[in-house]
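Here's coords.txt, which has compact mmCIF, C-alpha atoms:
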```txt
# COMPACT_ATOMS: atom_id res chain seq x y z
CA MET A 8 -15.79 -7.83 -8.02
CA THR A 9 -14.80 -7.57 -11.61
CA ALA A 10 -18.30 -7.11 -12.95
CA SER A 11 -18.73 -4.24 -15.37
CA ILE A 12 -19.26 -1.69 -12.58
CA ALA A 13 -18.64 -2.39 -8.95
CA ILE A 14 -19.35 1.02 -7.45
CA HIS A 15 -20.97 1.05 -4.01
CA ASN A 16 -20.73 -2.71 -3.94
CA THR A 17 -19.14 -2.70 -0.50
CA PRO A 18 -20.24 -4.51 2.62
CA LEU A 19 -20.07 -1.22 4.48
CA THR A 20 -23.07 0.42 2.88
CA GLU A 21 -25.21 -2.71 3.01
CA SER A 22 -25.96 -2.60 6.71
CA ALA A 23 -27.03 0.56 8.44
CA LEU A 24 -26.83 -0.94 11.92
CA PRO A 25 -24.09 -0.01 14.35
CA VAL A 26 -21.42 -2.63 14.91
CA THR A 27 -19.66 -3.59 18.11
CA PHE A 28 -16.14 -4.84 18.52
CA VAL A 29 -13.84 -5.65 21.39
CA PHE A 30 -10.94 -3.32 22.09
CA GLU A 31 -8.61 -4.69 24.76
CA ASP A 32 -11.01 -4.99 27.72
CA ARG A 33 -13.71 -2.71 26.37
CA THR A 34 -16.60 -3.09 23.99
CA ILE A 35 -16.77 -0.31 21.44
CA THR A 36 -19.77 0.59 19.33
CA ALA A 37 -19.09 2.01 15.90
CA ALA A 38 -21.45 3.72 13.51
CA PRO A 39 -21.85 1.95 10.16
CA GLY A 40 -19.04 2.90 7.84
CA GLN A 41 -16.74 4.09 10.57
CA SER A 42 -13.18 2.91 10.68
CA ILE A 43 -11.84 1.21 13.78
CA ALA A 44 -9.66 4.19 14.66
CA ALA A 45 -12.52 6.68 14.29
CA ALA A 46 -14.72 4.61 16.59
CA LEU A 47 -11.89 4.41 19.11
CA PHE A 48 -11.31 8.15 18.88
CA ALA A 49 -15.00 8.74 19.52
CA ALA A 50 -14.73 6.43 22.53
CA GLY A 51 -11.99 8.59 24.00
CA VAL A 52 -8.88 6.66 22.96
CA ARG A 53 -6.04 9.06 22.23
CA VAL A 54 -2.89 6.91 22.36
CA PHE A 55 -3.15 4.60 19.37
CA SER A 56 0.30 3.11 19.38
CA ARG A 57 3.78 3.42 20.78
CA SER A 58 6.75 4.35 18.65
CA PHE A 59 9.00 1.51 17.62
CA LYS A 60 12.11 2.22 19.71
CA TYR A 61 11.47 4.88 22.34
CA HIS A 62 7.83 3.98 22.97
CA ARG A 63 6.65 7.54 22.58
CA PRO A 64 2.86 7.82 22.55
CA ARG A 65 1.40 8.20 19.08
CA GLY A 66 -2.07 9.44 18.31
CA LEU A 67 -4.25 9.55 15.25
CA PHE A 68 -2.30 11.58 12.75
CA CYS A 69 -3.12 11.19 9.06
CA CYS A 70 -6.37 9.22 9.29
CA SER A 71 -5.87 8.14 5.69
CA GLY A 72 -3.64 5.09 5.89
CA GLU A 73 -0.36 6.84 5.20
CA CYS A 74 1.38 6.98 8.57
CA PRO A 75 2.15 4.17 11.01
CA ASN A 76 0.51 5.77 14.04
CA CYS A 77 -2.65 3.69 14.19
CA LEU A 78 -1.18 0.22 13.60
CA MET A 79 -2.95 -2.34 15.75
CA GLN A 80 -3.52 -6.03 16.05
CA VAL A 81 -6.91 -6.88 14.51
CA ASP A 82 -8.24 -10.44 14.76
CA GLY A 83 -4.73 -11.76 15.22
CA LYS A 84 -3.36 -9.86 12.25
CA PRO A 85 -0.55 -7.49 13.25
CA ASN A 86 0.02 -3.96 11.94
CA VAL A 87 -3.43 -3.26 10.55
CA ARG A 88 -3.95 0.41 9.64
CA THR A 89 -7.02 0.90 11.77
CA CYS A 90 -7.77 4.39 10.41
CA ILE A 91 -8.80 2.90 7.07
CA GLU A 92 -9.88 -0.54 8.27
CA PRO A 93 -13.69 -0.56 8.58
CA ALA A 94 -15.09 -1.64 11.93
CA ARG A 95 -16.95 -4.94 11.76
CA ASP A 96 -18.99 -6.90 14.25
CA GLY A 97 -17.01 -9.10 16.58
CA GLN A 98 -13.56 -7.83 15.73
CA ILE A 99 -10.92 -8.18 18.40
CA VAL A 100 -8.64 -5.16 18.39
CA SER A 101 -5.65 -4.48 20.59
CA ARG A 102 -2.70 -2.13 20.59
CA GLN A 103 0.78 -3.52 20.18
CA ASN A 104 4.40 -2.77 21.06
CA ALA A 105 3.69 -1.71 24.66
CA TRP A 106 3.89 -3.20 28.13
CA PRO A 107 1.79 -3.42 30.23
CA SER A 108 -0.53 -1.22 28.13
CA ALA A 109 -0.26 1.49 25.51
CA ASP A 110 -1.71 4.09 27.87
CA PHE A 111 0.86 3.33 30.53
CA ASP A 112 3.95 1.91 28.88
CA VAL A 113 6.85 1.11 31.19
CA LEU A 114 9.16 0.93 28.18
CA ARG A 115 8.66 4.68 27.77
CA VAL A 116 11.77 4.91 29.94
CA PHE A 117 13.81 4.24 26.78
CA ASP A 118 13.06 7.77 25.64
CA SER A 119 15.09 9.24 28.50
CA LEU A 120 17.85 6.66 28.01
CA ASP A 121 18.38 7.52 24.36
CA HIS A 122 22.09 8.33 24.92
CA PHE A 123 22.69 4.72 25.89
CA LEU A 124 20.73 3.29 23.00
CA PRO A 125 22.58 4.19 19.81
CA VAL A 126 21.54 2.90 16.42
CA GLY A 127 21.87 -0.85 16.35
CA PHE A 128 22.29 -1.19 20.12
CA TYR A 129 20.26 -4.38 20.20
CA TYR A 130 22.83 -6.40 18.38
CA LYS A 131 25.95 -4.42 19.28
CA GLN A 132 25.57 -4.09 23.05
CA PHE A 133 24.29 -7.35 24.41
CA HIS A 134 26.60 -10.06 23.13
CA LYS A 135 29.01 -9.73 26.07
CA PRO A 136 29.39 -11.41 28.53
CA ARG A 137 28.49 -14.45 26.57
CA TRP A 138 26.79 -16.36 29.40
CA LEU A 139 24.24 -13.57 29.76
CA TRP A 140 23.24 -13.71 26.11
CA PRO A 141 20.33 -16.16 26.55
CA ILE A 142 18.74 -13.75 29.05
CA PHE A 143 19.38 -10.76 26.80
CA GLU A 144 18.02 -12.63 23.81
CA HIS A 145 14.81 -13.46 25.63
CA THR A 146 14.35 -9.83 26.70
CA VAL A 147 15.31 -8.26 23.39
CA ARG A 148 13.02 -10.62 21.49
CA HIS A 149 10.09 -9.59 23.62
CA ILE A 150 10.78 -5.89 23.30
CA ALA A 151 11.70 -5.76 19.62
CA GLY A 152 9.36 -5.90 16.68
CA LEU A 153 5.87 -4.64 16.01
CA GLY A 154 2.89 -6.87 16.70
CA ARG A 155 2.66 -10.55 17.38
CA ILE A 156 2.05 -13.34 14.93
CA ASN A 157 0.11 -16.25 16.31
CA VAL A 158 2.08 -19.15 14.90
CA ASN A 159 -0.63 -21.66 15.80
CA ARG A 160 -3.34 -19.91 13.87
CA VAL A 161 -3.66 -20.74 10.21
CA THR A 162 -5.05 -17.72 8.50
CA GLU A 163 -7.23 -18.25 5.52
CA ILE A 164 -5.55 -15.94 3.11
CA GLU A 165 -6.57 -16.21 -0.48
CA SER A 166 -3.64 -15.62 -2.71
CA GLU A 167 -5.17 -15.26 -6.10
CA VAL A 168 -3.63 -13.49 -9.02
CA GLU A 169 -5.83 -11.78 -11.52
CA HIS A 170 -4.62 -10.50 -14.87
CA LEU A 171 -6.44 -7.45 -16.16
CA HIS A 172 -6.07 -5.77 -19.52
CA ALA A 173 -7.22 -2.33 -20.54
CA ASP A 174 -6.43 0.48 -22.92
CA VAL A 175 -6.33 3.03 -20.13
CA CYS A 176 -5.79 2.45 -16.43
CA VAL A 177 -6.47 5.35 -14.06
CA VAL A 178 -4.99 5.15 -10.57
CA GLY A 179 -7.04 7.16 -8.10
CA GLY A 180 -10.76 7.84 -8.03
CA GLY A 181 -10.78 11.50 -7.06
CA PRO A 182 -12.13 14.28 -9.26
CA ALA A 183 -9.09 14.22 -11.56
CA GLY A 184 -9.18 10.44 -11.87
CA PHE A 185 -12.84 10.40 -12.68
CA ALA A 186 -12.51 13.18 -15.22
CA ALA A 187 -9.70 11.25 -16.93
CA ALA A 188 -11.63 8.00 -16.73
CA ALA A 189 -14.78 9.54 -18.18
CA ALA A 190 -12.82 11.18 -20.99
CA ALA A 191 -11.13 7.88 -21.81
CA ALA A 192 -14.33 5.89 -21.65
CA ARG A 193 -16.10 8.33 -23.97
CA THR A 194 -13.59 7.63 -26.70
CA GLY A 195 -14.56 3.96 -26.58
CA ALA A 196 -11.31 2.81 -25.02
CA SER A 197 -11.53 0.09 -22.41
CA MET A 198 -10.88 1.77 -19.09
CA LEU A 199 -10.02 0.54 -15.64
CA LEU A 200 -10.09 2.79 -12.59
CA LEU A 201 -8.46 1.77 -9.31
CA GLU A 202 -9.56 3.49 -6.12
CA ARG A 203 -8.06 2.73 -2.73
CA GLU A 204 -11.07 3.59 -0.63
CA ASP A 205 -14.59 2.25 -0.37
CA GLU A 206 -16.06 5.17 -2.22
CA PRO A 207 -14.81 7.16 -5.17
CA GLY A 208 -14.49 10.90 -4.76
CA GLY A 209 -11.08 11.47 -3.20
CA HIS A 210 -10.83 14.70 -1.27
CA LEU A 211 -14.31 15.78 -2.33
CA LEU A 212 -15.73 13.25 0.12
CA TYR A 213 -14.63 15.33 3.09
CA ASP A 214 -13.73 18.67 1.57
CA PRO A 215 -16.89 20.46 0.43
CA ARG A 216 -15.18 23.16 -1.62
CA GLY A 217 -15.69 21.53 -4.97
CA ALA A 218 -18.96 19.87 -3.95
CA CYS A 219 -19.31 16.40 -5.35
CA GLN A 220 -20.91 17.59 -8.55
CA GLU A 221 -17.94 16.93 -10.78
CA VAL A 222 -17.70 13.28 -9.80
CA GLY A 223 -21.47 13.07 -9.70
CA GLU A 224 -21.59 14.10 -13.33
CA ASP A 225 -18.95 11.63 -14.40
CA LEU A 226 -20.29 8.66 -12.47
CA PRO A 227 -23.44 8.07 -14.53
CA ALA A 228 -21.41 8.49 -17.68
CA LEU A 229 -19.05 5.79 -16.46
CA ASN A 230 -21.87 3.54 -15.34
CA GLU A 231 -23.29 3.58 -18.84
CA CYS A 232 -20.05 2.55 -20.46
CA ARG A 233 -19.72 -1.18 -20.88
CA ASN A 234 -16.01 -0.81 -21.43
CA ALA A 235 -15.39 0.90 -18.09
CA LYS A 236 -14.63 -0.89 -14.87
CA VAL A 237 -14.15 0.67 -11.43
CA LEU A 238 -12.39 -1.32 -8.74
CA LEU A 239 -12.79 -0.04 -5.19
CA ARG A 240 -10.64 -0.91 -2.18
CA THR A 241 -7.84 -1.51 -4.64
CA THR A 242 -4.36 -0.15 -4.02
CA ALA A 243 -1.80 0.20 -6.79
CA PHE A 244 1.71 -0.36 -5.48
CA GLY A 245 4.13 -0.33 -8.36
CA LEU A 246 4.83 0.06 -12.04
CA TYR A 247 7.03 -2.55 -13.66
CA GLU A 248 8.57 -3.41 -16.99
CA GLY A 249 6.26 -3.43 -19.97
CA ASN A 250 3.71 -1.08 -18.32
CA LEU A 251 2.76 -3.75 -15.82
CA LEU A 252 0.91 -2.15 -12.92
CA GLY A 253 0.79 -4.08 -9.67
CA ALA A 254 -2.23 -3.62 -7.41
CA PHE A 255 -4.00 -5.53 -4.70
CA GLN A 256 -7.59 -5.86 -3.63
CA ASN A 257 -7.74 -7.43 -0.17
CA ASP A 258 -5.64 -10.57 -0.57
CA ARG A 259 -5.85 -10.66 -4.33
CA LEU A 260 -2.98 -9.55 -6.50
CA LEU A 261 -3.94 -7.74 -9.67
CA LYS A 262 -1.58 -7.54 -12.59
CA VAL A 263 -2.85 -4.76 -14.80
CA ARG A 264 -1.50 -4.44 -18.31
CA ALA A 265 -2.58 -1.13 -19.80
CA LYS A 266 -1.44 0.84 -22.81
CA GLN A 267 -1.78 4.12 -20.93
CA ILE A 268 -1.54 4.61 -17.20
CA ILE A 269 -2.80 7.83 -15.66
CA VAL A 270 -1.75 8.54 -12.09
CA CYS A 271 -4.23 10.75 -10.22
CA THR A 272 -3.28 9.97 -6.67
CA GLY A 273 -3.78 13.46 -5.32
CA GLY A 274 -1.72 15.46 -2.87
CA ARG A 275 -0.45 14.61 0.57
CA GLU A 276 -0.10 16.95 3.51
CA ARG A 277 3.26 16.92 5.23
CA PRO A 278 3.81 17.34 8.95
CA PHE A 279 5.48 20.40 10.37
CA VAL A 280 8.84 19.73 11.99
CA PHE A 281 9.00 20.94 15.56
CA HIS A 282 9.85 19.51 18.95
CA ASN A 283 7.36 16.87 20.08
CA ASN A 284 5.40 17.10 16.85
CA ASP A 285 4.57 13.40 17.18
CA LEU A 286 2.46 13.65 20.32
CA PRO A 287 -1.21 12.67 20.32
CA GLY A 288 -3.46 15.62 19.62
CA ILE A 289 -1.40 16.82 16.67
CA MET A 290 -2.90 15.77 13.39
CA LEU A 291 -2.96 16.80 9.77
CA GLY A 292 -5.69 19.19 8.69
CA ARG A 293 -7.10 16.55 6.41
CA ALA A 294 -7.18 14.04 9.23
CA ALA A 295 -9.40 16.39 11.22
CA LEU A 296 -11.70 16.89 8.24
CA ARG A 297 -11.78 13.18 7.44
CA LEU A 298 -12.63 12.33 11.03
CA ALA A 299 -15.46 14.84 11.08
CA ARG A 300 -16.92 14.39 7.61
CA LEU A 301 -16.26 10.74 6.79
CA HIS A 302 -16.70 9.25 10.23
CA GLY A 303 -18.84 11.81 12.04
CA VAL A 304 -16.37 12.11 14.90
CA SER A 305 -15.39 15.53 16.21
CA PRO A 306 -11.59 15.82 16.22
CA GLY A 307 -11.69 18.09 19.29
CA ARG A 308 -13.11 21.26 20.77
CA ARG A 309 -10.32 23.77 20.34
CA ALA A 310 -7.71 23.89 17.61
CA VAL A 311 -4.56 25.72 16.60
CA VAL A 312 -3.89 25.59 12.87
CA VAL A 313 -0.23 25.68 11.82
CA THR A 314 0.35 26.28 8.15
CA ASP A 315 2.69 27.58 5.50
CA CYS A 316 0.20 27.94 2.68
CA TYR A 317 -3.33 28.97 1.78
CA ARG A 318 -4.73 25.69 3.03
CA GLY A 319 -4.41 26.79 6.65
CA GLU A 320 -7.15 29.36 6.43
CA GLU A 321 -9.38 26.96 4.53
CA VAL A 322 -8.93 24.29 7.17
CA ALA A 323 -9.57 26.85 9.90
CA SER A 324 -12.81 28.01 8.31
CA GLU A 325 -13.95 24.43 7.86
CA LEU A 326 -13.16 23.64 11.48
CA LEU A 327 -15.23 26.69 12.46
CA ALA A 328 -18.06 25.39 10.29
CA LEU A 329 -17.84 22.11 12.17
CA GLY A 330 -18.28 23.95 15.45
CA ILE A 331 -14.67 23.73 16.57
CA GLU A 332 -13.17 26.77 18.21
CA VAL A 333 -10.03 27.94 16.39
CA ALA A 334 -7.74 29.52 18.95
CA ALA A 335 -5.14 30.66 16.42
CA VAL A 336 -3.92 30.26 12.87
CA VAL A 337 -0.13 30.26 12.86
CA ASP A 338 1.29 31.01 9.44
CA SER A 339 5.01 30.45 9.04
CA ARG A 340 5.23 32.63 5.93
CA PRO A 341 6.97 35.96 6.60
CA THR A 342 4.19 38.07 5.11
CA SER A 343 0.72 36.94 4.41
CA SER A 344 -0.32 37.54 0.84
CA MET B 20 11.22 -9.22 -15.91
CA SER B 21 7.63 -8.67 -16.97
CA PHE B 22 7.50 -8.19 -20.70
CA GLN B 23 4.99 -9.63 -23.12
CA ILE B 24 5.57 -12.01 -25.98
CA THR B 25 3.16 -12.14 -28.88
CA CYS B 26 2.48 -15.79 -29.53
CA PRO B 27 1.56 -16.34 -33.23
CA ASN B 28 -1.33 -18.49 -32.04
CA CYS B 29 -2.50 -16.91 -28.78
CA GLY B 30 -1.62 -13.23 -29.09
CA PRO B 31 0.24 -11.07 -26.56
CA ARG B 32 0.86 -12.96 -23.32
CA ASP B 33 2.97 -12.43 -20.21
CA ASP B 34 6.45 -13.85 -20.27
CA SER B 35 5.56 -15.95 -17.24
CA GLU B 36 3.54 -18.22 -19.54
CA PHE B 37 6.61 -19.08 -21.57
CA ARG B 38 9.68 -21.16 -21.06
CA TYR B 39 12.97 -19.87 -22.43
CA GLY B 40 14.58 -22.21 -24.93
CA GLY B 41 17.94 -20.59 -25.55
CA GLN B 42 19.53 -18.42 -28.16
CA ILE B 43 19.47 -19.51 -31.78
CA VAL B 44 23.04 -19.29 -33.01
CA PRO B 45 23.84 -19.39 -36.72
CA PRO B 46 25.64 -22.56 -37.86
CA ALA B 47 29.35 -22.17 -37.30
CA PRO B 48 32.18 -23.62 -39.43
CA ALA B 49 33.43 -27.03 -38.44
CA PRO B 50 35.63 -26.75 -35.35
CA ALA B 51 39.32 -27.26 -35.86
CA SER B 52 40.01 -28.58 -32.39
CA THR B 53 38.21 -30.05 -29.39
CA SER B 54 38.54 -26.85 -27.36
CA GLU B 55 37.01 -24.86 -30.20
CA ALA B 56 34.13 -27.33 -30.36
CA VAL B 57 33.57 -26.95 -26.62
CA GLY B 58 33.65 -23.18 -27.01
CA GLN B 59 31.07 -23.26 -29.77
CA ARG B 60 28.75 -25.40 -27.72
CA SER B 61 29.25 -23.76 -24.33
CA PHE B 62 29.39 -20.05 -24.94
CA VAL B 63 26.67 -17.74 -26.18
CA SER B 64 27.40 -14.34 -27.62
CA ASN B 65 25.40 -12.45 -24.94
CA LEU B 66 25.61 -9.17 -26.82
CA PRO B 67 23.37 -6.19 -26.09
CA VAL B 68 21.67 -6.44 -29.46
CA PRO B 69 18.43 -8.01 -30.69
CA GLN B 70 18.88 -11.75 -30.59
CA ARG B 71 16.84 -14.68 -31.87
CA GLU B 72 15.60 -17.07 -29.20
CA ARG B 73 13.42 -20.11 -28.83
CA TRP B 74 10.44 -19.82 -26.52
CA PHE B 75 7.96 -22.52 -25.54
CA HIS B 76 4.39 -21.42 -24.81
CA ARG B 77 4.09 -23.70 -21.84
CA PHE B 78 0.82 -22.39 -20.34
CA GLY B 79 -0.78 -21.67 -23.70
CA CYS B 80 -0.76 -23.50 -27.01
CA ARG B 81 2.32 -25.54 -26.04
CA ARG B 82 4.20 -24.82 -29.22
CA TRP B 83 7.73 -23.65 -29.81
CA LEU B 84 8.23 -20.23 -31.31
CA VAL B 85 11.01 -17.89 -32.27
CA ALA B 86 11.21 -14.42 -30.81
CA GLU B 87 13.58 -11.65 -31.66
CA ARG B 88 14.26 -9.83 -28.42
CA ASN B 89 16.39 -6.84 -27.56
CA THR B 90 18.33 -8.10 -24.57
CA GLN B 91 18.86 -4.57 -23.25
CA THR B 92 15.26 -3.40 -23.21
CA ASN B 93 13.42 -6.74 -23.28
CA GLU B 94 11.48 -5.42 -26.23
CA VAL B 95 10.19 -8.28 -28.35
CA LEU B 96 10.61 -7.11 -31.92
CA ALA B 97 9.11 -10.03 -33.83
CA THR B 98 7.80 -13.53 -33.28
CA GLY B 99 7.16 -16.48 -35.53
CA TRP B 100 6.98 -20.27 -35.58
CA LEU B 101 10.09 -22.34 -35.16
CA GLU B 102 10.80 -24.03 -38.46
```
As a first step, turn the structure in this file into structure tokens.
Amino acid sequence: MTASIAIHNTPLTESALPVTFVFEDRTITAAPGQSIAAALFAAGVRVFSRSFKYHRPRGLFCCSGECPNCLMQVDGKPNVRTCIEPARDGQIVSRQNAWPSADFDVLRVFDSLDHFLPVGFYYKQFHKPRWLWPIFEHTVRHIAGLGRINVNRVTEIESEVEHLHADVCVVGGGPAGFAAAAAAARTGASMLLLEREDEPGGHLLYDPRGACQEVGEDLPALNECRNAKVLLRTTAFGLYEGNLLGAFQNDRLLKVRAKQIIVCTGGRERPFVFHNNDLPGIMLGRAALRLARLHGVSPGRRAVVVTDCYRGEEVASELLALGIEVAAVVDSRPTSS
Amino acid sequence: MSFQITCPNCGPRDDSEFRYGGQIVPPAPAPASTSEAVGQRSFVSNLPVPQRERWFHRFGCRRWLVAERNTQTNEVLATGWLE
């Protein structure tokens, strides 16, 4: 993976055949390149998880690996972000933190009992009377926590550490990251670009406004440079003393030592705060576009766009272009400019 | 702690390759009493200033070296061989 250029060297693009995986008691077929969550959404799944304490239903929300709504158990591994985890043949996927199922969760009753369940109730309420504690412990242990770890299964996790050195390290492979990387590589500096996803391009992959020309122009330039290296599916997680950048690629830890670090991680949409804003069916504008453009799954038939900035109208027009009826655009700004 | 030390033989390397060998203290006058001798041997100055230290390049050339390190910023100012 650390060859001079590793672009498009992903298992996803190698096969063009659809894959099938098992979801609870169903068999789901996914198009090549689709994430697990997108395939499930296409198959009609709307409740992806249950909230940690009150077991409120949670649907696909950010579709970019930034919220906890799509955490599922995949091949025995708990809390996998299924919206960015590619679907593969033979995977066994199930939802977690619900009983008897995520669609009909008896524990949903906690939501209406919230007055009796203050913060920390699990260890403050149940210790008296003492003789009942073993029963409480058994119950609380089964209700608490997210996901299940199979203690009998030995997972084959590689835990390698790789030390990388570069003059310039760019975090993020969107248009800004690639422009910075190309500019650095042209000067002859050794350059390392880390991109979280399978493909570079950032928001241009699903947002056609800029077209992919900018990245398209920079990519060949980078490919020609012997001193440039692009690592895909690599997530940077922290900057430490001495300009040490921590990142991981699957199970491998990368310790990147660079003279200059350029952070081009892009923007994030934030959810609107209103009552019941966590229910399935409410998603970020980017999530809808990512579902449609990256995974080929229609996010719905009819939409209401809530916004406080110019992006709302852009999202609305793109939804219209995707054939989705836009019932209304609600702009919270007092006067539209 | 994740600074780099420039080994005179191997070049800049992560601190995790090295073993710390203690502060180099200048020779002190002969102690007048036992307690003073114990103090000289037991206590280091531990001041927030650049200090000279021994380091052993354990996962490298396996030689002892001297580094001058700012204990506040972990900046290694100079390195050389241990005489």
Tell me which protein, DNA and RNA residues are within 10 Å of Arg81 of chain B, counting only C-alpha atoms, leaving out same-chain ones fewer than 4 positions away, and put them as a VMD selection string.
chain B and resid 28 36 to 38 74 to 77
Can you tell me which residues surround Pro27 of chain B at a distance of at most 9 Å, considering all atoms listed in the file, apart from same-chain residues fewer than 6 positions away, and format the answer as a ChimeraX atom specification?
/B:84,98-100
Chain B residues near chain A (7 Å cut-off, all atoms listed in the file) as an MDAnalysis selection string:
chainID B and resid 20:22
Excluding same-chain residues fewer than 5 positions from Pro39 of chain A, what lies within 7 Å of it counting only C-alpha atoms, as number ranges by chain?
A: 19, 23-26
Counting all atoms listed in the file, the residue of A:Leu200, A:Ala183, A:Leu261, A:Cys69 that sits nearest Lys236 of chain A:
A:Leu200
From B:Leu101, B:Cys80, B:Ile43, B:Leu96, residue lying nearest Gln23 of chain B [all atoms listed in the file]
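Selected residue with least distance to Gln23 of chain B: B:Leu96.
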Step by step: start from the point (-14.1, 13.4, -6.9) in the file's coordinates, keep every protein, DNA or RNA residue that has an atom no farther than 6 Å from it, count only C-alpha atoms, and write the set as a PyMOL selection string.
chain A and resi 181-182+208-209+211+222
Need the neighbours of (-7.6, -2.0, -16.6): which residues are at most 7 Å away, counting all atoms listed in the file, as a VMD selection string?
chain A and resid 171 to 176 198 to 200 263 to 265
Can you list, as a list in words, every protein, DNA or RNA residue that comes within 10 Å of Gly152 of chain A when you count all atoms listed in the file, leaving out same-chain residues fewer than 4 positions away?
Phe59, Lys60, Gln103, Asn104, Val147 and Arg148 of chain A
Tell me, in Å to one decimal, how far atom CA of Ala105 of chain A is from atom CA of Trp138 of chain A.
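That distance, rounded to one decimal, is 27.8 Å.
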Write out as a VMD selection string the residues lying within 12 Å of segment 110-113 of chain A, counting all atoms listed in the file and excluding same-chain residues fewer than 6 positions away.
chain A and resid 31 51 to 58 61 to 66 101 to 104 119 150 287
Find the residue from B:Cys29, B:Gln42, B:Ala97, B:Gly79 that sits nearest to Leu66 of chain B; use all atoms listed in the file when measuring.
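So, comparing all the options, the nearest one is B:Gln42.
Taking atom CA of Pro278 of chain A and atom CA of Pro85 of chain A as the two end points, the separation is 25.6 Å.
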One decimal, in Å: what's the spacing between atom CA of Gly288 of chain A and atom CA of Lys84 of chain A?
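Value for the atom CA of Gly288 of chain A-atom CA of Lys84 of chain A distance: 26.5 Å.
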